[in-house]
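Just model17.txt here, compact mmCIF, C-alpha atoms and all ligand atoms:
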```txt
# COMPACT_ATOMS: atom_id res chain seq x y z
CA MET A 144 170.32 -86.31 121.91
CA PRO A 145 172.81 -84.14 123.81
CA LEU A 146 175.23 -85.78 126.19
CA PHE A 147 174.68 -85.12 129.86
CA VAL A 148 176.09 -81.93 131.29
CA ARG A 149 175.01 -82.28 134.93
CA LYS A 150 177.58 -83.19 137.56
CA SER A 151 175.30 -85.69 139.29
CA TYR A 152 172.25 -87.48 138.04
CA ARG A 153 168.73 -88.43 139.00
CA ILE A 154 168.57 -92.16 138.45
CA ALA A 155 165.78 -94.71 138.30
CA ILE A 156 166.25 -98.47 138.45
CA VAL A 157 163.31 -100.46 137.10
CA GLY A 158 163.41 -103.98 138.54
CA ALA A 159 165.44 -102.81 141.53
CA THR A 160 164.41 -105.80 143.65
CA GLY A 161 165.54 -108.37 141.07
CA ALA A 162 168.86 -110.17 140.61
CA VAL A 163 170.28 -107.52 138.26
CA GLY A 164 168.63 -104.58 140.05
CA ALA A 165 170.46 -105.32 143.30
CA GLU A 166 173.75 -105.51 141.39
CA LEU A 167 173.05 -102.20 139.68
CA ILE A 168 172.71 -100.47 143.04
CA ASP A 169 175.94 -102.06 144.19
CA VAL A 170 177.90 -101.20 141.01
CA LEU A 171 176.75 -97.56 141.18
CA ARG A 172 178.05 -97.45 144.76
CA ARG A 173 181.33 -99.25 144.06
CA ARG A 174 182.17 -97.06 141.08
CA ALA A 175 181.11 -93.90 142.94
CA PHE A 176 178.72 -92.98 140.15
CA PRO A 177 177.50 -89.41 140.82
CA VAL A 178 173.93 -90.08 141.99
CA LYS A 179 171.90 -87.06 143.03
CA HIS A 180 168.67 -88.97 143.59
CA LEU A 181 167.89 -92.67 143.27
CA ARG A 182 164.41 -94.00 142.56
CA LEU A 183 163.96 -97.75 143.00
CA LEU A 184 161.03 -99.13 141.03
CA ALA A 185 159.45 -102.59 141.10
CA SER A 186 156.00 -104.19 141.17
CA ALA A 187 153.28 -103.29 143.68
CA ARG A 188 154.39 -106.39 145.63
CA SER A 189 157.62 -104.66 146.63
CA ALA A 190 156.35 -101.09 147.12
CA GLY A 191 157.32 -99.69 150.51
CA ARG A 192 160.20 -102.12 151.02
CA SER A 193 163.44 -100.44 152.04
CA MET A 194 166.68 -101.28 150.21
CA PRO A 195 170.23 -100.07 150.80
CA GLY A 196 171.08 -97.41 148.20
CA PRO A 197 174.60 -96.16 147.40
CA THR A 198 174.57 -93.84 150.42
CA GLU A 199 171.35 -94.40 152.41
CA ASN A 200 168.31 -96.71 152.49
CA VAL A 201 165.76 -96.05 149.74
CA GLN A 202 162.09 -97.07 149.70
CA VAL A 203 160.98 -99.07 146.69
CA GLU A 204 158.15 -97.48 144.71
CA GLU A 205 155.61 -99.15 142.46
CA LEU A 206 156.43 -98.63 138.77
CA LYS A 207 153.81 -96.33 137.27
CA GLU A 208 153.39 -94.38 134.06
CA ASP A 209 154.56 -91.16 135.72
CA SER A 210 157.55 -92.72 137.52
CA PHE A 211 160.08 -91.02 135.22
CA ARG A 212 159.31 -87.40 136.01
CA ASP A 213 162.59 -85.71 137.02
CA VAL A 214 164.75 -88.69 136.02
CA ASP A 215 167.92 -88.21 133.94
CA LEU A 216 168.90 -91.83 133.50
CA ALA A 217 166.78 -94.98 133.80
CA PHE A 218 168.18 -98.52 134.00
CA PHE A 219 165.62 -101.15 133.01
CA SER A 220 165.93 -104.75 134.20
CA ALA A 221 162.43 -106.06 134.75
CA GLY A 222 161.92 -108.16 131.61
CA GLY A 223 160.78 -107.51 128.05
CA ASP A 224 157.11 -106.76 128.72
CA ILE A 225 157.94 -103.99 131.19
CA SER A 226 160.57 -102.52 128.84
CA ARG A 227 158.18 -102.59 125.87
CA LYS A 228 155.58 -100.60 127.81
CA PHE A 229 157.64 -98.29 130.00
CA VAL A 230 160.83 -97.49 128.03
CA PRO A 231 158.89 -95.22 125.61
CA LEU A 232 157.30 -93.45 128.61
CA ALA A 233 160.68 -92.91 130.27
CA ARG A 234 162.04 -91.54 127.02
CA GLU A 235 159.07 -89.18 126.56
CA ALA A 236 159.64 -87.92 130.11
CA GLY A 237 163.18 -86.96 129.08
CA ALA A 238 165.22 -89.77 130.62
CA VAL A 239 167.97 -91.62 128.77
CA VAL A 240 167.30 -95.35 129.07
CA ILE A 241 169.83 -98.18 129.35
CA ASP A 242 167.77 -101.29 128.75
CA ASN A 243 168.78 -104.78 129.77
CA SER A 244 165.99 -106.62 127.97
CA SER A 245 166.23 -107.97 124.41
CA VAL A 246 163.37 -105.75 123.16
CA PHE A 247 165.47 -103.02 121.51
CA ARG A 248 168.73 -104.87 120.85
CA MET A 249 168.15 -105.38 117.12
CA ASP A 250 166.47 -102.00 116.56
CA PRO A 251 168.67 -100.11 114.05
CA GLU A 252 167.80 -96.85 115.86
CA VAL A 253 169.18 -98.19 119.16
CA PRO A 254 172.90 -98.72 119.77
CA LEU A 255 173.79 -102.09 121.32
CA VAL A 256 176.93 -101.43 123.32
CA LEU A 257 179.76 -103.34 124.95
CA PRO A 258 182.00 -100.42 125.97
CA GLU A 259 185.32 -102.24 125.45
CA ILE A 260 184.31 -103.02 121.85
CA ASN A 261 181.94 -100.40 120.42
CA GLY A 262 181.73 -97.70 123.10
CA THR A 263 181.73 -95.03 120.39
CA ASP A 264 178.26 -96.22 119.30
CA VAL A 265 176.70 -94.44 122.31
CA ALA A 266 177.31 -91.19 120.44
CA TRP A 267 174.35 -91.77 118.10
CA HIS A 268 171.77 -92.83 120.70
CA ARG A 269 168.32 -91.28 120.57
CA GLY A 270 167.34 -91.84 124.16
CA VAL A 271 167.70 -95.63 124.41
CA ILE A 272 170.84 -97.77 124.56
CA ALA A 273 170.60 -101.56 124.71
CA ASN A 274 172.71 -103.76 126.95
CA PRO A 275 173.79 -107.00 125.23
CA ASN A 276 172.75 -110.55 126.06
CA CYS A 277 174.83 -111.87 128.95
CA THR A 278 176.31 -114.94 127.20
CA THR A 279 177.15 -112.88 124.14
CA ALA A 280 178.84 -110.22 126.30
CA VAL A 281 181.02 -112.73 128.17
CA THR A 282 182.04 -114.46 124.90
CA LEU A 283 182.82 -111.27 122.98
CA MET A 284 185.14 -110.01 125.72
CA ALA A 285 187.61 -112.68 124.54
CA LEU A 286 186.49 -113.07 120.93
CA HIS A 287 186.70 -109.45 119.81
CA PRO A 288 190.39 -108.87 120.69
CA LEU A 289 191.17 -112.07 118.75
CA HIS A 290 189.08 -110.77 115.86
CA LEU A 291 191.09 -107.54 115.73
CA ALA A 292 194.32 -109.54 115.55
CA PHE A 293 193.38 -112.47 113.33
CA GLY A 294 190.08 -111.63 111.52
CA LEU A 295 187.13 -113.62 112.85
CA ARG A 296 185.00 -115.74 110.52
CA ARG A 297 182.75 -117.96 112.64
CA ILE A 298 182.44 -119.83 115.92
CA PHE A 299 181.00 -123.05 117.27
CA ALA A 300 180.21 -122.72 120.97
CA SER A 301 178.41 -124.26 123.95
CA SER A 302 177.40 -122.23 126.98
CA TYR A 303 177.14 -123.28 130.63
CA GLN A 304 174.72 -120.71 132.04
CA ALA A 305 174.05 -119.92 135.70
CA VAL A 306 170.53 -119.80 137.10
CA SER A 307 170.87 -116.18 138.25
CA GLY A 308 170.63 -115.27 134.56
CA THR A 309 166.97 -116.28 134.79
CA GLY A 310 166.36 -114.14 137.89
CA ALA A 311 165.66 -114.34 141.59
CA ARG A 312 163.00 -117.09 141.28
CA ALA A 313 165.43 -119.41 139.54
CA ILE A 314 168.05 -118.92 142.26
CA ALA A 315 165.40 -119.89 144.82
CA GLU A 316 164.37 -122.90 142.71
CA LEU A 317 167.91 -124.33 142.57
CA LYS A 318 168.35 -123.83 146.35
CA GLN A 319 165.01 -125.47 147.06
CA GLN A 320 165.73 -128.45 144.77
CA VAL A 321 169.18 -129.04 146.30
CA ALA A 322 167.60 -128.98 149.79
CA ALA A 323 164.79 -131.30 148.62
CA ALA A 324 167.30 -133.79 147.22
CA SER A 325 169.19 -133.93 150.50
CA ASN A 326 165.89 -134.87 152.26
CA GLY A 327 165.05 -137.39 149.56
CA SER A 328 162.04 -135.29 148.41
CA PRO A 329 161.25 -134.93 144.70
CA ALA A 330 162.29 -131.74 142.87
CA VAL A 331 159.31 -129.66 141.77
CA PRO A 332 160.25 -127.62 138.68
CA GLU A 333 158.41 -124.30 138.27
CA VAL A 334 160.73 -121.83 136.57
CA TYR A 335 162.42 -124.40 134.30
CA PRO A 336 160.70 -127.23 132.40
CA HIS A 337 162.78 -129.87 134.27
CA PRO A 338 164.68 -130.11 137.58
CA ILE A 339 167.82 -127.96 137.48
CA ALA A 340 169.56 -129.39 140.58
CA PHE A 341 171.99 -132.19 139.60
CA ASN A 342 170.95 -131.77 135.97
CA VAL A 343 171.83 -129.78 132.83
CA LEU A 344 169.14 -128.41 130.53
CA PRO A 345 169.96 -127.98 126.83
CA GLN A 346 167.38 -125.23 126.58
CA VAL A 347 167.77 -121.54 127.38
CA ASP A 348 164.79 -119.48 126.19
CA SER A 349 162.22 -120.70 123.67
CA PHE A 350 162.80 -122.65 120.46
CA LEU A 351 162.73 -121.15 116.97
CA PRO A 352 161.39 -123.05 113.92
CA ASP A 353 164.95 -123.97 112.83
CA GLY A 354 165.63 -125.79 116.12
CA TYR A 355 167.95 -123.20 117.69
CA THR A 356 166.72 -121.29 120.74
CA LYS A 357 166.36 -117.50 120.75
CA GLU A 358 169.23 -117.29 123.23
CA GLU A 359 171.50 -119.27 120.88
CA MET A 360 170.88 -116.96 117.94
CA LYS A 361 171.62 -113.83 120.00
CA MET A 362 175.34 -114.63 119.73
CA GLN A 363 175.25 -114.22 115.94
CA HIS A 364 172.72 -111.38 115.74
CA GLU A 365 174.14 -109.28 118.58
CA GLY A 366 177.75 -110.26 117.81
CA ARG A 367 177.37 -108.83 114.29
CA ARG A 368 176.07 -105.50 115.61
CA ILE A 369 178.57 -105.10 118.45
CA MET A 370 181.66 -106.13 116.48
CA HIS A 371 180.46 -104.37 113.29
CA LEU A 372 180.97 -107.69 111.55
CA PRO A 373 177.91 -108.45 109.38
CA GLU A 374 179.28 -111.75 108.04
CA PHE A 375 179.99 -113.26 111.49
CA ARG A 376 178.38 -116.68 111.96
CA ALA A 377 177.81 -118.50 115.25
CA SER A 378 176.43 -121.99 115.85
CA VAL A 379 175.73 -122.16 119.58
CA THR A 380 174.16 -124.63 122.01
CA CYS A 381 173.05 -122.86 125.20
CA VAL A 382 172.84 -125.00 128.32
CA ARG A 383 171.52 -124.12 131.78
CA VAL A 384 173.64 -125.66 134.55
CA PRO A 385 173.16 -125.86 138.33
CA VAL A 386 175.53 -122.96 139.01
CA PHE A 387 174.32 -119.90 140.92
CA ARG A 388 176.45 -117.25 139.33
CA ALA A 389 178.74 -116.70 136.29
CA HIS A 390 178.31 -118.10 132.80
CA SER A 391 180.99 -120.08 130.96
CA VAL A 392 181.32 -120.69 127.23
CA ALA A 393 183.43 -123.25 125.32
CA VAL A 394 184.32 -121.62 121.99
CA SER A 395 185.96 -122.89 118.79
CA ALA A 396 186.67 -119.91 116.57
CA GLU A 397 187.85 -119.84 112.96
CA PHE A 398 189.95 -116.92 111.72
CA GLU A 399 191.03 -115.57 108.35
CA ARG A 400 194.69 -115.47 109.23
CA PRO A 401 196.96 -118.10 110.82
CA ILE A 402 196.90 -118.05 114.61
CA SER A 403 199.20 -119.51 117.25
CA VAL A 404 198.62 -120.17 120.93
CA ASP A 405 201.41 -117.78 121.92
CA ALA A 406 200.09 -114.98 119.71
CA ALA A 407 196.53 -115.53 121.02
CA ARG A 408 197.74 -115.47 124.64
CA GLU A 409 199.62 -112.25 124.00
CA VAL A 410 196.49 -110.62 122.57
CA LEU A 411 194.22 -111.89 125.35
CA ALA A 412 196.64 -110.90 128.13
CA LYS A 413 196.35 -107.26 126.99
CA ALA A 414 192.59 -107.23 126.36
CA PRO A 415 190.62 -104.78 128.51
CA GLY A 416 188.18 -106.27 131.03
CA LEU A 417 189.70 -109.74 130.63
CA ASP A 418 192.06 -111.84 132.79
CA LEU A 419 194.17 -114.60 131.29
CA CYS A 420 193.89 -117.73 133.49
CA ASP A 421 195.68 -120.32 131.45
CA GLU A 422 198.13 -122.61 133.21
CA PRO A 423 196.78 -126.05 132.41
CA GLY A 424 199.73 -127.82 134.07
CA ARG A 425 198.64 -126.31 137.41
CA SER A 426 194.91 -126.79 136.68
CA VAL A 427 194.53 -123.01 136.36
CA TYR A 428 191.60 -122.09 134.12
CA PRO A 429 188.44 -120.00 134.44
CA MET A 430 185.58 -121.40 136.50
CA PRO A 431 182.27 -119.87 137.57
CA LEU A 432 183.12 -119.96 141.28
CA GLN A 433 186.29 -118.04 140.51
CA ALA A 434 184.69 -115.57 138.06
CA ALA A 435 181.66 -114.78 140.27
CA HIS A 436 181.60 -111.25 141.76
CA LYS A 437 184.54 -110.17 139.54
CA ASP A 438 184.27 -107.31 137.07
CA ASN A 439 186.69 -108.91 134.62
CA CYS A 440 185.86 -111.98 132.56
CA GLN A 441 188.43 -114.79 132.48
CA VAL A 442 189.82 -116.78 129.54
CA GLY A 443 191.83 -120.01 129.47
CA ARG A 444 192.12 -123.53 128.01
CA ILE A 445 193.64 -121.86 124.95
CA ARG A 446 194.69 -124.34 122.25
CA LEU A 447 194.78 -124.69 118.49
CA ASP A 448 191.52 -126.20 117.30
CA CYS A 449 192.44 -129.54 115.76
CA ALA A 450 189.32 -129.68 113.57
CA MET A 451 189.73 -126.52 111.49
CA GLU A 452 192.31 -124.37 109.71
CA ASN A 453 193.26 -121.16 111.57
CA GLY A 454 191.13 -122.30 114.48
CA LEU A 455 191.45 -121.58 118.19
CA ALA A 456 189.59 -123.28 121.02
CA PHE A 457 189.18 -121.52 124.38
CA TRP A 458 187.00 -121.33 127.47
CA VAL A 459 185.70 -118.09 128.93
CA SER A 460 183.87 -117.46 132.23
CA GLY A 461 182.31 -114.22 133.42
CA ASP A 462 179.89 -112.93 136.03
CA GLN A 463 176.85 -112.43 133.86
CA LEU A 464 175.13 -110.25 136.48
CA LEU A 465 178.11 -107.89 136.23
CA LYS A 466 179.68 -107.82 132.75
CA GLY A 467 176.59 -109.40 131.25
CA ALA A 468 174.25 -106.89 132.86
CA ALA A 469 174.78 -104.38 135.71
CA LEU A 470 178.45 -103.51 135.25
CA ASN A 471 178.09 -103.12 131.49
CA ALA A 472 175.03 -100.88 132.00
CA VAL A 473 176.89 -98.61 134.41
CA GLN A 474 179.92 -98.52 132.07
CA ILE A 475 177.56 -97.33 129.32
CA ALA A 476 176.25 -94.63 131.68
CA GLU A 477 179.84 -93.59 132.39
CA LEU A 478 180.48 -93.22 128.65
CA LEU A 479 177.51 -90.85 128.45
P1 LIG A 501 159.20 -107.51 142.20
O1 LIG A 501 160.36 -107.97 143.06
O2 LIG A 501 158.35 -106.50 142.89
O3 LIG A 501 158.43 -108.65 141.58
P2 LIG A 501 164.31 -110.99 138.43
O4 LIG A 501 164.90 -110.75 137.07
O5 LIG A 501 165.32 -111.26 139.47
O6 LIG A 501 163.21 -112.00 138.38
O7 LIG A 501 163.62 -109.59 138.86
C1 LIG A 501 162.59 -109.01 138.11
C2 LIG A 501 162.39 -107.58 138.55
O8 LIG A 501 161.33 -107.04 137.77
C3 LIG A 501 161.99 -107.43 140.01
O9 LIG A 501 162.52 -106.25 140.53
C4 LIG A 501 160.48 -107.35 139.90
O10 LIG A 501 159.86 -106.69 140.98
C5 LIG A 501 160.33 -106.52 138.67
N1 LIG A 501 158.98 -106.65 138.11
C6 LIG A 501 158.36 -107.77 137.76
N2 LIG A 501 157.09 -107.50 137.35
C7 LIG A 501 156.94 -106.16 137.45
C8 LIG A 501 155.87 -105.26 137.19
N3 LIG A 501 154.70 -105.67 136.73
N4 LIG A 501 156.08 -103.93 137.43
C9 LIG A 501 157.26 -103.51 137.89
N5 LIG A 501 158.31 -104.31 138.17
C10 LIG A 501 158.15 -105.62 137.95
```

Rewritten as structure tokens:
Amino acid sequence: MPLFVRKSYRIAIVGATGAVGAELIDVLRRRAFPVKHLRLLASARSAGRSMPGPTENVQVEELKEDSFRDVDLAFFSAGGDISRKFVPLAREAGAVVIDNSSVFRMDPEVPLVLPEINGTDVAWHRGVIANPNCTTAVTLMALHPLHLAFGLRRIFASSYQAVSGTGARAIAELKQQVAAASNGSPAVPEVYPHPIAFNVLPQVDSFLPDGYTKEEMKMQHEGRRIMHLPEFRASVTCVRVPVFRAHSVAVSAEFERPISVDAAREVLAKAPGLDLCDEPGRSVYPMPLQAAHKDNCQVGRIRLDCAMENGLAFWVSGDQLLKGAALNAVQIAELL
């Protein structure tokens, strides 16, 4: 598949009215991506609605089989079922697809790309490039630079995931449950199996036969592909927390070579797309409220792991709608 040669591009966003779709429009604008024409696609429910585009308002169109005529680049963020059906159609129509769903992430024909780590993998795309899972992306921003310096073996991790990762309905559900609690009304869970306000749910995505959830295993499966590290192992517990925006992950990582806190800080301070926020004496560490709406992820609470040899414990936060989704997708488009 040849790289683009145009100076500006005809772009489609599938799922434009969703949590990630709105961010995609904003990131294209902020980064002055050369957009010649923007097509915003969503369900019939949203057709006709006007949304602010990078330069002028754009009317949302219903996603249809012929929506990709005259499109150079299509961003998909409307869930797996839509990607499964419409990505092949977009590709046949000649568009290059950057897909945010998990449908193509483990397909050996599809590069799975985090530009700071394996940006060169875009070179072998055949029309589709997959955007990584949001929790995996935020974690790898800190883990991969450490891997390059000390040789990563495995991690144990727990995530603290914001509701916006589930989408616009989950944001509304948390707001509604917080309001209900302040009136003394019962929370009515719809998106999640239990109330999310004033609660934490040790379930993100559905369970596999071995007891892990699908989301938990993405760290190992996608981490191996992105870092080109087939032996990497990850035991993860993913937890949904009543936070609107930005995921956090507590990580204990084991390395092949000895590691020190100073050496780790030095590596992390230089890592692209990452800010070091690590002054425990002043209570400076990453937090979702601080990481939200920022392009860079943040790392802190760096200490030697007292339960393993060559181990480092740290805490990373990142805006999963940006680095975990829209920003990463636009960075991939920029690489093209
Ligand atoms: P719509 O707003 O019209 O329902 P989120 O991840 O925030 O839940 O957003 C999901 C996105 O996927 C929205 O833009 C939503 O559009 C879109 N979407 C959902 N179902 C369809 C569908 N059947 N066809 C096209 N877009 C869809």

Please indicate the distance in Å from atom CA of Asn471 of chain A to atom CA of Arg227 of chain A, rounded to one decimal place.
->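 Those two atoms sit 20.7 Å apart.
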
Point-to-point distance from atom CA of Thr198 of chain A to atom CA of Val163 of chain A, Å rounded to tenths =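 These atoms are spaced 18.8 Å apart.
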
Nearest-residue call for ligand LIG 501 (chain A), choices A:Glu365, A:Asp418, A:Asp224, A:Glu252, using all atoms listed in the file =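 The closest residue to ligand LIG 501 (chain A) is A:Asp224.
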
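Contacts with ligand LIG 501 (chain A) are defined as any residue atom within 6 Å of a ligand atom, using all atoms listed in the file; the residues meeting this criterion are A:Gly158, A:Ala159, A:Thr160, A:Gly161, A:Ala162, A:Ala185, A:Ser186, A:Arg188, A:Ser189, A:Leu206, A:Ala221, A:Gly310, A:Ala311, A:Arg312.
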
Could you write those residues out with C-alpha atoms, as a PDB file, keeping the file's coordinate frame?
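Output contents, as saved in result_10.pdb:
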```
ATOM      1  CA  GLY A 158     163.410-103.980 138.540  1.00  0.00           C
ATOM      2  CA  ALA A 159     165.440-102.810 141.530  1.00  0.00           C
ATOM      3  CA  THR A 160     164.410-105.800 143.650  1.00  0.00           C
ATOM      4  CA  GLY A 161     165.540-108.370 141.070  1.00  0.00           C
ATOM      5  CA  ALA A 162     168.860-110.170 140.610  1.00  0.00           C
ATOM      6  CA  ALA A 185     159.450-102.590 141.100  1.00  0.00           C
ATOM      7  CA  SER A 186     156.000-104.190 141.170  1.00  0.00           C
ATOM      8  CA  ARG A 188     154.390-106.390 145.630  1.00  0.00           C
ATOM      9  CA  SER A 189     157.620-104.660 146.630  1.00  0.00           C
ATOM     10  CA  LEU A 206     156.430 -98.630 138.770  1.00  0.00           C
ATOM     11  CA  ALA A 221     162.430-106.060 134.750  1.00  0.00           C
ATOM     12  CA  GLY A 310     166.360-114.140 137.890  1.00  0.00           C
ATOM     13  CA  ALA A 311     165.660-114.340 141.590  1.00  0.00           C
ATOM     14  CA  ARG A 312     163.000-117.090 141.280  1.00  0.00           C
TER      15      ARG A 312
END
```

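Going from atom CA of Ser395 of chain A over to atom CA of Ala377 of chain A, you cover 9.9 Å.
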
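Across A:Ile260, A:Phe218, A:Gly237, A:Lys466, the tightest approach to Ala273 of chain A is made by A:Phe218 when counting only C-alpha atoms.
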
Extending 8 Å beyond the listed atoms of segment 392-408 of chain A on each side, what axis-aligned box results? I want centre and edge lengths in Å to one decimal, as JSON.
```
{"center_x": 191.4, "center_y": -119.1, "center_z": 117.8, "size_x": 36.1, "size_y": 24.3, "size_z": 34.9}
```

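Nearest residue to Ala393 of chain A, choosing from A:Val271, A:Ile445, A:Leu465, A:Ala238 and counting all atoms listed in the file: A:Ile445.
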
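Across A:Arg192, A:His390, A:Lys228, A:Lys413, the tightest approach to Glu208 of chain A is made by A:Lys228 when counting only C-alpha atoms.
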
Which residues, written as an MDAnalysis selection string, have at least one atom at most 8 Å from Arg296 of chain A, with all atoms listed in the file counted and residues fewer than 5 positions away on the same chain left out?
-> chainID A and resid 374:376 396:399

Residue contacts of Phe387 of chain A (7 Å, all atoms listed in the file) excluding same-chain residues fewer than 3 positions away, as a compact mmCIF listing (two decimals) with C-alpha atoms, keeping the file's coordinate frame:
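Generated output (selection_24.txt):
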```txt
# COMPACT_ATOMS: atom_id res chain seq x y z
CA ALA A 305 174.05 -119.92 135.70
CA VAL A 306 170.53 -119.80 137.10
CA SER A 307 170.87 -116.18 138.25
CA ILE A 314 168.05 -118.92 142.26
```

Show me, as a tab-separated table (two decimals) with C-alpha atoms, in the coordinates of the input, the residues that have an atom within 9 Å of Ala187 of chain A when counting only C-alpha atoms, minus same-chain residues fewer than 3 positions from it.
```tsv
chain	number	residue	atom	x	y	z
A	190	ALA	CA	156.35	-101.09	147.12
A	191	GLY	CA	157.32	-99.69	150.51
A	204	GLU	CA	158.15	-97.48	144.71
A	205	GLU	CA	155.61	-99.15	142.46
A	206	LEU	CA	156.43	-98.63	138.77
```

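Of the residues under consideration (A:Asn261, A:Ser391, A:Gln346, A:Ser378), A:Ser391 shows the shortest atom-to-atom contact distance to Thr282 of chain A when counting only C-alpha atoms.
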
Min atom-atom distance to Gly454 of chain A from the set A:Lys179, A:Arg174, A:Arg408, A:Arg400, counting all atoms listed in the file, belongs to A:Arg400

Find the residues around Val265 of chain A up to 8 Å (all atoms listed in the file counted), leave out those fewer than 6 positions away in its own chain, and share them as a PyMOL selection string.
-> chain A and resi 254+256+272+475+478-479

Using all atoms listed in the file, which residues sit within 12 Å of Pro345 of chain A once same-chain residues fewer than 6 positions away are excluded, as a list of chain:residue names?
->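 The residues that qualify are A:Ser301, A:Ser302, A:Tyr303, A:Gln304, A:Tyr335, A:Pro336, A:His337, A:Ile339, A:Gly354, A:Tyr355, A:Thr356, A:Glu358, A:Glu359, A:Val379, A:Thr380, A:Cys381, A:Val382, A:Arg383, A:Val384.
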